[in-house]
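Structure record follows, encoded as structure tokens.
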Amino acid sequence: MTAHPHPDAPRIAVPDAAYERASLKIERSRWAAAGFGRLGRDQVARIVRDVAEAAHAHARRFAEEAVRETGMGVVAHKIIKNEACSKGLVAQYAAEDFIGPRIDHARKIVELPRPAGVIFALIPVTNPVATVYFKTLLCLMTRNAVILSPHPQARQVCTEAARVLAEAARAAGAPDGVIEVIEEPTIPLIERLIGDERVDLVVATGGPAVVKAAYRSGNPALGVGPGNAPVLVDDSADLKAAAGRIVASKSFDNSILCTNESVLLAFTTIADALLDELRAHGAHICTADEREKLRGVLFGEAGFNPAMIGKDAEVIARAAGFAAPGAKILVVPVDLVQPEESFVREKLCPVLGFARVAGLDQAIAAARSMMRHAGRGHSAAIHTRREVHALAFAGALPALRVVVNTGCSLGSAGYETHLGPSMTIGTGFAGGSSLTENLTPHHLVQYVRLAYNKEAAEVFGNFEGLDPLNLPRPERSRPVPVPVPAADDADAVRRELRRIILEELKAIMAA
Amino acid sequence: MFDYGLFRFRDKQDLFEKSIRYWNPDKTRFWLNAGIDLVIDRREGYCLYDMSGRRLIDLHLNGGTYNLGHRHPELVETLKGALDYFDIGNHWFPSVARAALSEVLIESTPGMAYAVFAPGGAEAVDIAIKSARYATKRRKIVSIIKGYHGHSGLSVATGDDRFTKIFLADQPEHFVQVPFNDIAAMERALSGGDVAALIMETIPATYGFPMPKEGYLQACKALCEKYGALYIADEVQTGMMRTGALWGWMTYGIQPDIMVTAKGLSGGLYPISAAILNERAGGWLHEDGAAHISTSGGAELGCIVAHKVMEMLHRPETIANARAVADFFREGMAEMIARHGDIMTGVRQRGVVMGLEFDHPEGAVFVSRALYEHGVWAIFSSLDKRVLQWKPGILLSHAMCQEILDRFDAAMPRARQLLREARR
Ligand SMILES: Cc1ncc(COP(=O)(O)O)c(C=O)c1O
């Protein structure tokens, strides 16, 4: 090693300080988790509220910074998401208790919440700040410490957002280190950290590689697969309303939510009328020539062109070499709804595939075909007035949520439905995930169960009014007293006096 | 068979026999008689493994030498990397490793100008004393009764009779001792105007970490200024983020003229220490920089490890962890007193520097043994055996702190029994 290739090259090898610091962060989180588990409901509620308020107050700033740093999405829509994932989330779960014991008299069981501990949260580039807000608040509600690991391309805004949230948490009395952030994320570093045995749970939102890595880590993980949502409009639908919702959803944050509509399947009988409505709501319907130009910019050898993720419709059209002035979305009619047609794959941009289907059976076959490539376990939408259509569609598709008469982006993500507002959409076993629902605080807490003998003769205890975090001190067995040596030993007399006084004191304190 | 490649031992007994025969008969027997049959074999993190394979959690840390743990992987990797390029270097010449470490130390230590390196704490104390004598042209050194600054020529003279008389190394005419926490006695010692320096452990370790009274250290420093003596802060055990700041004196709002750091600076891997001097105390470095020389003082390998140690100490996560460990034991030991107040009478604490008081003149010896039997190694204070030195590492995990406390709690009935037997 005495010879070095370049005079400026490092002359000695030193440890990877980024890893070492991150490793210390995990330890800091462990301390925080230990302290957090001892806080009561009111303290936790205050921390959650103050952090949500800080997040809300910075919704605009971080929306702007996220768009600037990642080049993806729409500021106005990111503000909406940031607000929904701050105060909105708190309102959603305000009535729920993740901290106090649950007493089930009928089953003679008491359940004590047990937080996961340290949660390692992977943050995607597509929805960086909203996901930082979302995962942090879910963790705080359930008294977990969180380590945020941003996508490298959203590193700055996530680090800054985490700093703001951490400061609010600290000011509200949260334990030190309850919100940590990996400031210099790299893929090898993250792979090492998610496998660290001091991490209790990995919550992975991101591309399939990230999710697979999370499940491979050897730690418990909640990861979710990619989307590719079909949306069906049948002949019973309110076309005007459907078109409005689809355009709004598809243009929302430029389709950056993984729940966005990928391909619109329209009953042939209403297809032209629907296209007119779409146009009226700001969609640009592409010609066959424009479609091929678009294909060139959107799909390359390596798959979807990441430079186009979350870009405005107009910008994408211009990049493809045609004009679509004022367009909110680009609708691309295709003939084939099979995985080999790239336009029926997931597109995190305001480009919507469009195909005509003769009826429900063909719609189902088309939807299933496109999801064969990607999107299993994820989302789908239907616009209909027929319960039979809705039920058949849901029953036949590999999706785990099919939203009805609403935009898929915010419907499947639980904001425009009662699914539970979430930035992490469970894709179930079919989609390579252990999580079937939208991620909610309930997934981050487990329960210790105190279970009584079933026999009727064994009566269930009275647990009302007992606070597990503040129980009366248990009776202590008396320490074996130190025998008193020779009586003339003044020191021993003093000692014996001390002992008696101490015991008296203890008795008083125990009472 | 314990085969270490270059040498081997049949078993632990074999080792004890050879230690008695070739190394140190009294020290070897002392521990055996105390019921501590420890021979450290493997070591990792904050754990030691006896030759028997038994695991012990280390709360002795050799006075903070293992502040960051045994063989911290980051330090081991640093040293291994350095070994591919450096050796101890040549002490006559300027060197990259020494210049870089000096800069880091001076930048982290307000009011100071130069770092002079040595291999151990005692030698660094000698440098401190020599520097003070140069600067003041006075000889006398004042220290604390039951203070401890090491065993080399000058440092040992500041300490307890036990270590000087045996070697005829006491120098009463130049080394004056005063009781700790006694400002009047300090003033009497300094008021002659003939004292070169007062040397103070910020919290006297070997004395069992009695806490300086409110205002005591400031008063000592003010008296030094009044009577023209320099103030030497011995930070060998209180430095390295162990008392809530990088150096303990910072938490008392005083400004020493000289500071000594050792033990933990080495990461427990490559011996190094430093006397850190202000401009005045460093005067001799302008007149004759070779007036003090040490071949292995400031060995470059040690400098590189120390550099890493300093970097690690400055991390916000390290500082937060140290605070968490201190808070944990503050609460935890209060609870232990509530449970075991019949034998445990008090806790002294500043950061992770702690002393646990027991109700018997040799109480800590028995408690140390009971803890040893329960998988925890903590040493009594040599100069006050009522007090157990409790020196958790600043990077301890919450899980291990909890384990330590659980083991402590479990050891108390045994400690009670040993104390009872001792009182008979
Ligand atoms: C406060 C203090 N100063 C100085 C020393 C001497 O250090 P060394 O043993 O490295 O010479 C010690 C060692 O225990 C110490 O505790």
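Numbering starts fresh at 1 for the residues of each chain in the structure tokens, the chains themselves are lettered A, B, ... in the order given, and ligands are numbered from 1 as they appear.
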
Inset, instruction - Give the residue list for ligand 1 at 6 Å, counting only C-alpha atoms and all ligand atoms, as a list in words, sorted by chain and then by residue number. - result: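 My answer, listing the contacting residues, is Gly120, Gly121, Ala122, Tyr148, His149, Gly150, Glu201, Ala205, Asp234, Val236, Gln237 and Lys263 of chain B.
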
Near-segment 206-219 of chain A list (12 Å; only C-alpha atoms; drop same-chain fewer than 5 positions) as an mmCIF file with N, CA and C atoms, in the first residue's frame:
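Written out: part_21.cif:
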data_model
loop_
_atom_site.group_PDB
_atom_site.id
_atom_site.type_symbol
_atom_site.label_atom_id
_atom_site.label_comp_id
_atom_site.auth_asym_id
_atom_site.auth_seq_id
_atom_site.Cartn_x
_atom_site.Cartn_y
_atom_site.Cartn_z
ATOM 1 N N ALA A 116 -43.674 -1.183 18.092
ATOM 2 C CA ALA A 116 -42.625 -1.977 17.429
ATOM 3 C C ALA A 116 -41.261 -1.634 18.007
ATOM 4 N N VAL A 118 -38.091 0.545 17.033
ATOM 5 C CA VAL A 118 -37.399 1.374 16.045
ATOM 6 C C VAL A 118 -37.878 0.991 14.652
ATOM 7 N N ILE A 119 -38.461 1.951 13.977
ATOM 8 C CA ILE A 119 -38.976 1.689 12.627
ATOM 9 C C ILE A 119 -38.095 2.404 11.612
ATOM 10 N N PHE A 120 -37.611 1.638 10.677
ATOM 11 C CA PHE A 120 -36.777 2.191 9.605
ATOM 12 C C PHE A 120 -37.689 2.450 8.417
ATOM 13 N N ALA A 121 -37.874 3.709 8.065
ATOM 14 C CA ALA A 121 -38.879 4.081 7.068
ATOM 15 C C ALA A 121 -38.203 4.549 5.783
ATOM 16 N N LEU A 122 -38.417 3.808 4.727
ATOM 17 C CA LEU A 122 -37.855 4.190 3.433
ATOM 18 C C LEU A 122 -38.819 5.135 2.732
ATOM 19 N N ILE A 123 -38.271 6.222 2.225
ATOM 20 C CA ILE A 123 -39.089 7.290 1.650
ATOM 21 C C ILE A 123 -38.845 7.342 0.137
ATOM 22 N N PRO A 124 -39.906 7.307 -0.650
ATOM 23 C CA PRO A 124 -39.713 7.308 -2.105
ATOM 24 C C PRO A 124 -39.464 8.703 -2.667
ATOM 25 N N VAL A 125 -38.914 8.750 -3.853
ATOM 26 C CA VAL A 125 -38.628 10.038 -4.488
ATOM 27 C C VAL A 125 -39.921 10.697 -4.972
ATOM 28 N N THR A 126 -40.927 9.881 -5.222
ATOM 29 C CA THR A 126 -42.152 10.406 -5.822
ATOM 30 C C THR A 126 -42.971 11.256 -4.865
ATOM 31 N N ASN A 127 -43.121 10.780 -3.632
ATOM 32 C CA ASN A 127 -43.918 11.504 -2.641
ATOM 33 C C ASN A 127 -43.085 11.728 -1.388
ATOM 34 N N PRO A 128 -41.980 12.444 -1.519
ATOM 35 C CA PRO A 128 -41.038 12.441 -0.396
ATOM 36 C C PRO A 128 -41.588 13.048 0.895
ATOM 37 N N THR A 131 -44.706 11.442 2.462
ATOM 38 C CA THR A 131 -44.400 10.159 3.097
ATOM 39 C C THR A 131 -43.605 10.357 4.384
ATOM 40 N N SER A 149 -35.337 7.280 5.933
ATOM 41 C CA SER A 149 -34.271 7.055 4.973
ATOM 42 C C SER A 149 -34.744 7.495 3.601
ATOM 43 N N PRO A 150 -34.445 8.736 3.248
ATOM 44 C CA PRO A 150 -34.984 9.280 2.003
ATOM 45 C C PRO A 150 -34.324 8.677 0.771
ATOM 46 N N HIS A 151 -35.056 8.702 -0.307
ATOM 47 C CA HIS A 151 -34.472 8.387 -1.603
ATOM 48 C C HIS A 151 -33.372 9.416 -1.862
ATOM 49 N N PRO A 152 -32.215 8.968 -2.385
ATOM 50 C CA PRO A 152 -31.106 9.921 -2.561
ATOM 51 C C PRO A 152 -31.497 11.180 -3.342
ATOM 52 N N THR A 186 -27.179 6.027 0.625
ATOM 53 C CA THR A 186 -26.708 5.394 -0.602
ATOM 54 C C THR A 186 -27.271 3.984 -0.564
ATOM 55 N N ILE A 187 -27.341 3.333 -1.679
ATOM 56 C CA ILE A 187 -27.978 2.018 -1.686
ATOM 57 C C ILE A 187 -27.231 1.006 -0.810
ATOM 58 N N PRO A 188 -25.904 0.924 -0.902
ATOM 59 C CA PRO A 188 -25.225 -0.048 -0.017
ATOM 60 C C PRO A 188 -25.431 0.274 1.466
ATOM 61 N N ILE A 190 -28.040 1.785 2.861
ATOM 62 C CA ILE A 190 -29.407 1.442 3.250
ATOM 63 C C ILE A 190 -29.554 -0.076 3.393
ATOM 64 N N GLU A 191 -28.953 -0.806 2.468
ATOM 65 C CA GLU A 191 -29.073 -2.271 2.554
ATOM 66 C C GLU A 191 -28.468 -2.780 3.841
ATOM 67 N N ARG A 192 -27.386 -2.156 4.255
ATOM 68 C CA ARG A 192 -26.751 -2.575 5.502
ATOM 69 C C ARG A 192 -27.630 -2.220 6.706
ATOM 70 N N LEU A 193 -28.205 -1.033 6.659
ATOM 71 C CA LEU A 193 -28.970 -0.567 7.822
ATOM 72 C C LEU A 193 -30.280 -1.326 8.003
ATOM 73 N N ILE A 194 -30.953 -1.637 6.905
ATOM 74 C CA ILE A 194 -32.250 -2.317 7.079
ATOM 75 C C ILE A 194 -32.064 -3.721 7.640
ATOM 76 N N GLY A 195 -30.854 -4.268 7.509
ATOM 77 C CA GLY A 195 -30.605 -5.591 8.062
ATOM 78 C C GLY A 195 -30.076 -5.547 9.492
ATOM 79 N N ASP A 196 -29.902 -4.347 10.025
ATOM 80 C CA ASP A 196 -29.341 -4.217 11.380
ATOM 81 C C ASP A 196 -30.321 -4.796 12.395
ATOM 82 N N GLU A 197 -29.797 -5.625 13.283
ATOM 83 C CA GLU A 197 -30.729 -6.310 14.181
ATOM 84 C C GLU A 197 -31.359 -5.378 15.220
ATOM 85 N N ARG A 198 -30.846 -4.171 15.326
ATOM 86 C CA ARG A 198 -31.459 -3.224 16.260
ATOM 87 C C ARG A 198 -32.694 -2.551 15.660
ATOM 88 N N VAL A 199 -32.937 -2.787 14.377
ATOM 89 C CA VAL A 199 -34.153 -2.264 13.742
ATOM 90 C C VAL A 199 -35.280 -3.268 13.970
ATOM 91 N N ASP A 200 -36.432 -2.780 14.417
ATOM 92 C CA ASP A 200 -37.537 -3.698 14.702
ATOM 93 C C ASP A 200 -38.419 -3.938 13.481
ATOM 94 N N LEU A 201 -38.559 -2.915 12.668
ATOM 95 C CA LEU A 201 -39.468 -3.040 11.528
ATOM 96 C C LEU A 201 -39.003 -2.111 10.418
ATOM 97 N N VAL A 224 -44.496 -2.598 0.015
ATOM 98 C CA VAL A 224 -45.633 -2.676 -0.894
ATOM 99 C C VAL A 224 -45.148 -2.645 -2.336
ATOM 100 N N GLY A 225 -45.888 -3.333 -3.195
ATOM 101 C CA GLY A 225 -45.479 -3.459 -4.586
ATOM 102 C C GLY A 225 -45.964 -2.295 -5.438
ATOM 103 N N PRO A 226 -45.561 -2.281 -6.698
ATOM 104 C CA PRO A 226 -45.934 -1.192 -7.601
ATOM 105 C C PRO A 226 -47.391 -1.289 -8.046
ATOM 106 N N GLY A 227 -47.893 -0.155 -8.468
ATOM 107 C CA GLY A 227 -49.278 -0.120 -8.947
ATOM 108 C C GLY A 227 -49.338 -0.196 -10.464
ATOM 109 N N ILE A 256 -48.283 10.996 -9.689
ATOM 110 C CA ILE A 256 -47.119 10.462 -8.996
ATOM 111 C C ILE A 256 -47.498 9.503 -7.878
ATOM 112 N N LEU A 257 -48.769 9.499 -7.507
ATOM 113 C CA LEU A 257 -49.212 8.501 -6.536
ATOM 114 C C LEU A 257 -49.303 7.158 -7.259
ATOM 115 N N CYS A 258 -48.880 6.107 -6.556
ATOM 116 C CA CYS A 258 -48.867 4.799 -7.207
ATOM 117 C C CYS A 258 -50.291 4.293 -7.436
ATOM 118 N N PRO A 306 -37.198 7.738 -16.434
ATOM 119 C CA PRO A 306 -37.427 8.417 -15.142
ATOM 120 C C PRO A 306 -37.486 9.939 -15.264
ATOM 121 N N GLU A 346 -47.389 0.657 -15.826
ATOM 122 C CA GLU A 346 -47.461 1.772 -14.876
ATOM 123 C C GLU A 346 -46.760 2.989 -15.453
ATOM 124 N N LEU A 348 -45.961 6.784 -14.113
ATOM 125 C CA LEU A 348 -46.078 7.802 -13.070
ATOM 126 C C LEU A 348 -45.977 9.187 -13.708
ATOM 127 N N ALA A 374 -47.575 -5.933 -13.959
ATOM 128 C CA ALA A 374 -47.302 -5.235 -12.693
ATOM 129 C C ALA A 374 -48.608 -4.694 -12.155
ATOM 130 N N GLY A 375 -48.654 -4.498 -10.865
ATOM 131 C CA GLY A 375 -49.836 -3.888 -10.257
ATOM 132 C C GLY A 375 -50.678 -4.858 -9.466
ATOM 133 N N MET A 423 -49.986 6.721 2.547
ATOM 134 C CA MET A 423 -48.995 6.866 1.488
ATOM 135 C C MET A 423 -48.343 5.518 1.216
ATOM 136 N N THR A 424 -48.844 4.487 1.844
ATOM 137 C CA THR A 424 -48.265 3.160 1.682
ATOM 138 C C THR A 424 -49.403 2.167 1.527
ATOM 139 N N ILE A 425 -49.493 1.633 0.312
ATOM 140 C CA ILE A 425 -50.677 0.880 -0.077
ATOM 141 C C ILE A 425 -50.333 -0.606 -0.119
ATOM 142 N N GLY A 426 -50.872 -1.348 0.828
ATOM 143 C CA GLY A 426 -50.568 -2.773 0.905
ATOM 144 C C GLY A 426 -50.990 -3.499 -0.363
ATOM 145 N N THR A 427 -50.114 -4.330 -0.883
ATOM 146 C CA THR A 427 -50.439 -5.054 -2.115
ATOM 147 C C THR A 427 -50.580 -6.544 -1.861
ATOM 148 N N GLY A 431 -49.089 -9.171 -4.364
ATOM 149 C CA GLY A 431 -48.175 -8.100 -4.758
ATOM 150 C C GLY A 431 -46.886 -8.109 -3.952
ATOM 151 N N GLY A 432 -46.517 -9.278 -3.445
ATOM 152 C CA GLY A 432 -45.231 -9.407 -2.759
ATOM 153 C C GLY A 432 -45.179 -8.694 -1.422
ATOM 154 N N SER A 433 -46.324 -8.565 -0.749
ATOM 155 C CA SER A 433 -46.358 -7.804 0.498
ATOM 156 C C SER A 433 -47.086 -8.580 1.582
ATOM 157 N N SER A 434 -46.693 -8.338 2.832
ATOM 158 C CA SER A 434 -47.414 -8.957 3.938
ATOM 159 C C SER A 434 -48.587 -8.094 4.369
ATOM 160 N N LEU A 435 -48.722 -6.955 3.738
ATOM 161 C CA LEU A 435 -49.731 -5.972 4.151
ATOM 162 C C LEU A 435 -50.849 -5.947 3.111
#

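Note that atom CA of Leu395 of chain B and atom CA of His314 of chain B are 12.7 Å apart.
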
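In terms of minimum interatomic distance to chain A, B:Lys80 ranks closest within B:Lys221, B:Lys80, B:Arg55, B:Arg98, counting only C-alpha atoms.
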
Produce a table with one row for each residue of segment 217-331 of chain A that has an atom at most 9 Å from any atom of segment 389-404 of chain A, each row naming the nearest atom pair and its distance in Å at one decimal; use only C-alpha atoms; arrange rows by chain and rising residue number; format as JSON lines.
{"residue": "A:Ala229", "atom": "CA", "partner": "A:Ala399", "partner_atom": "CA", "distance": 8.3}
{"residue": "A:Leu232", "atom": "CA", "partner": "A:Phe393", "partner_atom": "CA", "distance": 8.8}
{"residue": "A:Asp234", "atom": "CA", "partner": "A:His389", "partner_atom": "CA", "distance": 8.4}

Legend entry - Exercise answer, chain B residues close to chain A, 7 Å and only C-alpha atoms, as a PyMOL selection string: chain B and resi 74+77-78+81-82+84-85+317+321+342+397-398+420+424

Write a file of the just-selected residues containing all heavy atoms, as an mmCIF file, in the first residue's frame.
data_model
loop_
_atom_site.group_PDB
_atom_site.id
_atom_site.type_symbol
_atom_site.label_atom_id
_atom_site.label_comp_id
_atom_site.auth_asym_id
_atom_site.auth_seq_id
_atom_site.Cartn_x
_atom_site.Cartn_y
_atom_site.Cartn_z
ATOM 1 N N GLU B 74 -14.862 0.629 14.425
ATOM 2 C CA GLU B 74 -14.410 1.781 13.643
ATOM 3 C C GLU B 74 -12.953 2.125 13.979
ATOM 4 O O GLU B 74 -12.182 2.516 13.106
ATOM 5 C CB GLU B 74 -15.329 2.972 13.946
ATOM 6 C CG GLU B 74 -15.212 4.065 12.916
ATOM 7 C CD GLU B 74 -16.219 5.184 13.136
ATOM 8 O OE1 GLU B 74 -17.106 5.060 14.008
ATOM 9 O OE2 GLU B 74 -16.106 6.190 12.415
ATOM 10 N N GLU B 77 -10.668 -0.683 12.534
ATOM 11 C CA GLU B 77 -10.498 -0.490 11.091
ATOM 12 C C GLU B 77 -9.542 0.672 10.816
ATOM 13 O O GLU B 77 -8.717 0.608 9.899
ATOM 14 C CB GLU B 77 -11.871 -0.234 10.466
ATOM 15 C CG GLU B 77 -11.932 -0.535 8.984
ATOM 16 C CD GLU B 77 -13.316 -0.228 8.411
ATOM 17 O OE1 GLU B 77 -14.332 -0.415 9.133
ATOM 18 O OE2 GLU B 77 -13.376 0.199 7.238
ATOM 19 N N THR B 78 -9.663 1.707 11.610
ATOM 20 C CA THR B 78 -8.771 2.862 11.451
ATOM 21 C C THR B 78 -7.318 2.453 11.686
ATOM 22 O O THR B 78 -6.431 2.786 10.898
ATOM 23 C CB THR B 78 -9.161 3.974 12.452
ATOM 24 O OG1 THR B 78 -10.515 4.343 12.205
ATOM 25 C CG2 THR B 78 -8.273 5.190 12.304
ATOM 26 N N GLY B 81 -6.011 0.247 8.911
ATOM 27 C CA GLY B 81 -5.719 1.051 7.721
ATOM 28 C C GLY B 81 -4.397 1.792 7.910
ATOM 29 O O GLY B 81 -3.566 1.858 7.000
ATOM 30 N N ALA B 82 -4.195 2.332 9.105
ATOM 31 C CA ALA B 82 -2.981 3.101 9.376
ATOM 32 C C ALA B 82 -1.745 2.213 9.322
ATOM 33 O O ALA B 82 -0.674 2.639 8.876
ATOM 34 C CB ALA B 82 -3.091 3.776 10.737
ATOM 35 N N ASP B 84 -1.060 -0.059 7.386
ATOM 36 C CA ASP B 84 -0.581 -0.292 6.027
ATOM 37 C C ASP B 84 0.317 0.844 5.537
ATOM 38 O O ASP B 84 0.817 0.798 4.412
ATOM 39 C CB ASP B 84 -1.760 -0.450 5.069
ATOM 40 C CG ASP B 84 -2.416 -1.808 5.230
ATOM 41 O OD1 ASP B 84 -1.710 -2.749 5.640
ATOM 42 O OD2 ASP B 84 -3.625 -1.917 4.966
ATOM 43 N N TYR B 85 0.481 1.849 6.345
ATOM 44 C CA TYR B 85 1.200 3.026 5.858
ATOM 45 C C TYR B 85 2.168 3.599 6.878
ATOM 46 O O TYR B 85 3.263 4.018 6.532
ATOM 47 C CB TYR B 85 0.168 4.094 5.485
ATOM 48 C CG TYR B 85 0.644 5.073 4.448
ATOM 49 C CD1 TYR B 85 0.476 4.797 3.094
ATOM 50 C CD2 TYR B 85 1.260 6.263 4.812
ATOM 51 C CE1 TYR B 85 0.905 5.696 2.135
ATOM 52 C CE2 TYR B 85 1.697 7.163 3.860
ATOM 53 C CZ TYR B 85 1.517 6.878 2.513
ATOM 54 O OH TYR B 85 1.945 7.764 1.565
ATOM 55 N N GLU B 317 -24.640 12.178 17.721
ATOM 56 C CA GLU B 317 -25.210 10.921 18.201
ATOM 57 C C GLU B 317 -24.443 10.406 19.423
ATOM 58 O O GLU B 317 -25.035 9.832 20.331
ATOM 59 C CB GLU B 317 -25.169 9.855 17.104
ATOM 60 C CG GLU B 317 -26.081 10.136 15.913
ATOM 61 C CD GLU B 317 -25.474 11.088 14.904
ATOM 62 O OE1 GLU B 317 -24.266 11.414 15.026
ATOM 63 O OE2 GLU B 317 -26.199 11.533 13.995
ATOM 64 N N ASN B 321 -25.960 9.880 23.062
ATOM 65 C CA ASN B 321 -25.899 8.569 23.715
ATOM 66 C C ASN B 321 -25.316 8.689 25.124
ATOM 67 O O ASN B 321 -25.816 8.091 26.075
ATOM 68 C CB ASN B 321 -25.082 7.585 22.885
ATOM 69 C CG ASN B 321 -25.538 6.154 23.079
ATOM 70 O OD1 ASN B 321 -26.454 5.687 22.426
ATOM 71 N ND2 ASN B 321 -24.934 5.454 24.035
ATOM 72 N N ASP B 342 -30.631 -0.217 52.545
ATOM 73 C CA ASP B 342 -30.003 -0.719 53.772
ATOM 74 C C ASP B 342 -28.496 -0.892 53.609
ATOM 75 O O ASP B 342 -27.751 -0.824 54.579
ATOM 76 C CB ASP B 342 -30.648 -2.051 54.187
ATOM 77 C CG ASP B 342 -30.490 -3.110 53.108
ATOM 78 O OD1 ASP B 342 -30.652 -2.762 51.909
ATOM 79 O OD2 ASP B 342 -30.186 -4.270 53.439
ATOM 80 N N SER B 397 -25.618 0.662 24.822
ATOM 81 C CA SER B 397 -26.972 0.623 24.288
ATOM 82 C C SER B 397 -27.977 0.600 25.432
ATOM 83 O O SER B 397 -27.637 0.247 26.568
ATOM 84 C CB SER B 397 -27.158 -0.631 23.441
ATOM 85 O OG SER B 397 -27.115 -1.775 24.271
ATOM 86 N N HIS B 398 -29.191 0.957 25.107
ATOM 87 C CA HIS B 398 -30.241 0.898 26.116
ATOM 88 C C HIS B 398 -30.414 -0.523 26.618
ATOM 89 O O HIS B 398 -30.553 -0.768 27.813
ATOM 90 C CB HIS B 398 -31.561 1.420 25.554
ATOM 91 C CG HIS B 398 -32.699 1.249 26.507
ATOM 92 N ND1 HIS B 398 -33.587 0.196 26.426
ATOM 93 C CD2 HIS B 398 -33.053 1.949 27.607
ATOM 94 C CE1 HIS B 398 -34.442 0.280 27.425
ATOM 95 N NE2 HIS B 398 -34.154 1.330 28.152
ATOM 96 N N ARG B 420 -22.649 -8.840 55.432
ATOM 97 C CA ARG B 420 -23.026 -9.352 56.746
ATOM 98 C C ARG B 420 -21.897 -10.222 57.300
ATOM 99 O O ARG B 420 -21.509 -10.097 58.450
ATOM 100 C CB ARG B 420 -24.316 -10.159 56.627
ATOM 101 C CG ARG B 420 -24.935 -10.500 57.961
ATOM 102 C CD ARG B 420 -26.300 -11.092 57.759
ATOM 103 N NE ARG B 420 -26.232 -12.199 56.806
ATOM 104 C CZ ARG B 420 -27.228 -12.553 56.008
ATOM 105 N NH1 ARG B 420 -28.355 -11.879 56.008
ATOM 106 N NH2 ARG B 420 -27.106 -13.570 55.201
ATOM 107 N N ARG B 424 -19.157 -9.657 60.852
ATOM 108 C CA ARG B 424 -19.053 -10.553 62.013
ATOM 109 C C ARG B 424 -17.696 -10.446 62.678
ATOM 110 O O ARG B 424 -16.696 -10.249 62.016
ATOM 111 C CB ARG B 424 -19.262 -11.992 61.537
ATOM 112 C CG ARG B 424 -20.736 -12.263 61.343
ATOM 113 C CD ARG B 424 -21.103 -13.699 61.615
ATOM 114 N NE ARG B 424 -22.538 -13.807 61.338
ATOM 115 C CZ ARG B 424 -23.013 -14.349 60.226
ATOM 116 N NH1 ARG B 424 -22.223 -14.874 59.339
ATOM 117 N NH2 ARG B 424 -24.310 -14.387 60.023
#

Inset, instruction - Would you mind listing what lies within 12 Å of Met400 of chain B as a list of chain:residue names, with only C-alpha atoms counted and same-chain residues fewer than 6 positions away left out? - result: A:Glu27, A:Arg30, A:Trp31, B:Gly45, B:Tyr46, B:Cys47, B:Leu56, B:Ile57, B:Asp58, B:Leu59, B:Val325, B:Phe328, B:Phe329, B:Val376, B:Pro392, B:Gly393, B:Ile394, B:Asp406, B:Arg407

Inset, instruction - Calculate how many Å separate atom CA of Lys87 of chain A from atom CA of Ser379 of chain A, rounding to one decimal. - result: 25.4 Å

Legend entry - Nearby residues (only C-alpha atoms) at most 12 Å from Lys135 of chain A, same-chain spacing under 5 positions excluded, as a ChimeraX atom specification: /A:48,52,82,85-86,89,119-124,127-130,140-142,144-150,162,165,179,202-205,421-424,439-441,443-444

Inset, instruction - Would you kindly return, as a ChimeraX atom specification, each protein, DNA or RNA residue with an atom no farther than 9 Å from any atom of Asp87 of chain B, considering only C-alpha atoms and excluding same-chain residues fewer than 4 positions away? - result: /B:82-83,299-301

Legend entry - Expected answer as a VMD selection string: strand (DSSP E) residues in segment 215-358 of chain B: chain B and resid 230 to 234 258 to 261 273 to 277 344 to 350 353 to 358

Legend entry - Nearby residues (only C-alpha atoms) at most 6 Å from Asp257 of chain B, same-chain spacing under 2 positions excluded, as a VMD selection string: chain B and resid 230 to 231 278

Legend entry - Pairwise distance for atom CA of Gly71 of chain A and atom CA of Ala313 of chain A, rounded to one decimal in Å: 13.7 Å

Inset, instruction - Going by DSSP on the backbone, which bits of segment 303-403 of chain B are helix (DSSP H, G or I)? Write them as number ranges by chain, please. - result: B: 303-314, 316-340, 363-373, 398-403

Legend entry - Which of B:Phe366, B:Trp377, B:Phe408, B:Tyr372 sits closest to Arg339 of chain B [using only C-alpha atoms]: B:Phe408

Inset, instruction - Find the spatial neighbours of Met333 of chain B, counting only C-alpha atoms, within a cut-off of 9 Å - ignore same-chain residues fewer than 3 positions away - and output them as a VMD selection string. - result: chain B and resid 328 to 330 336 to 338 346 to 347 356 405
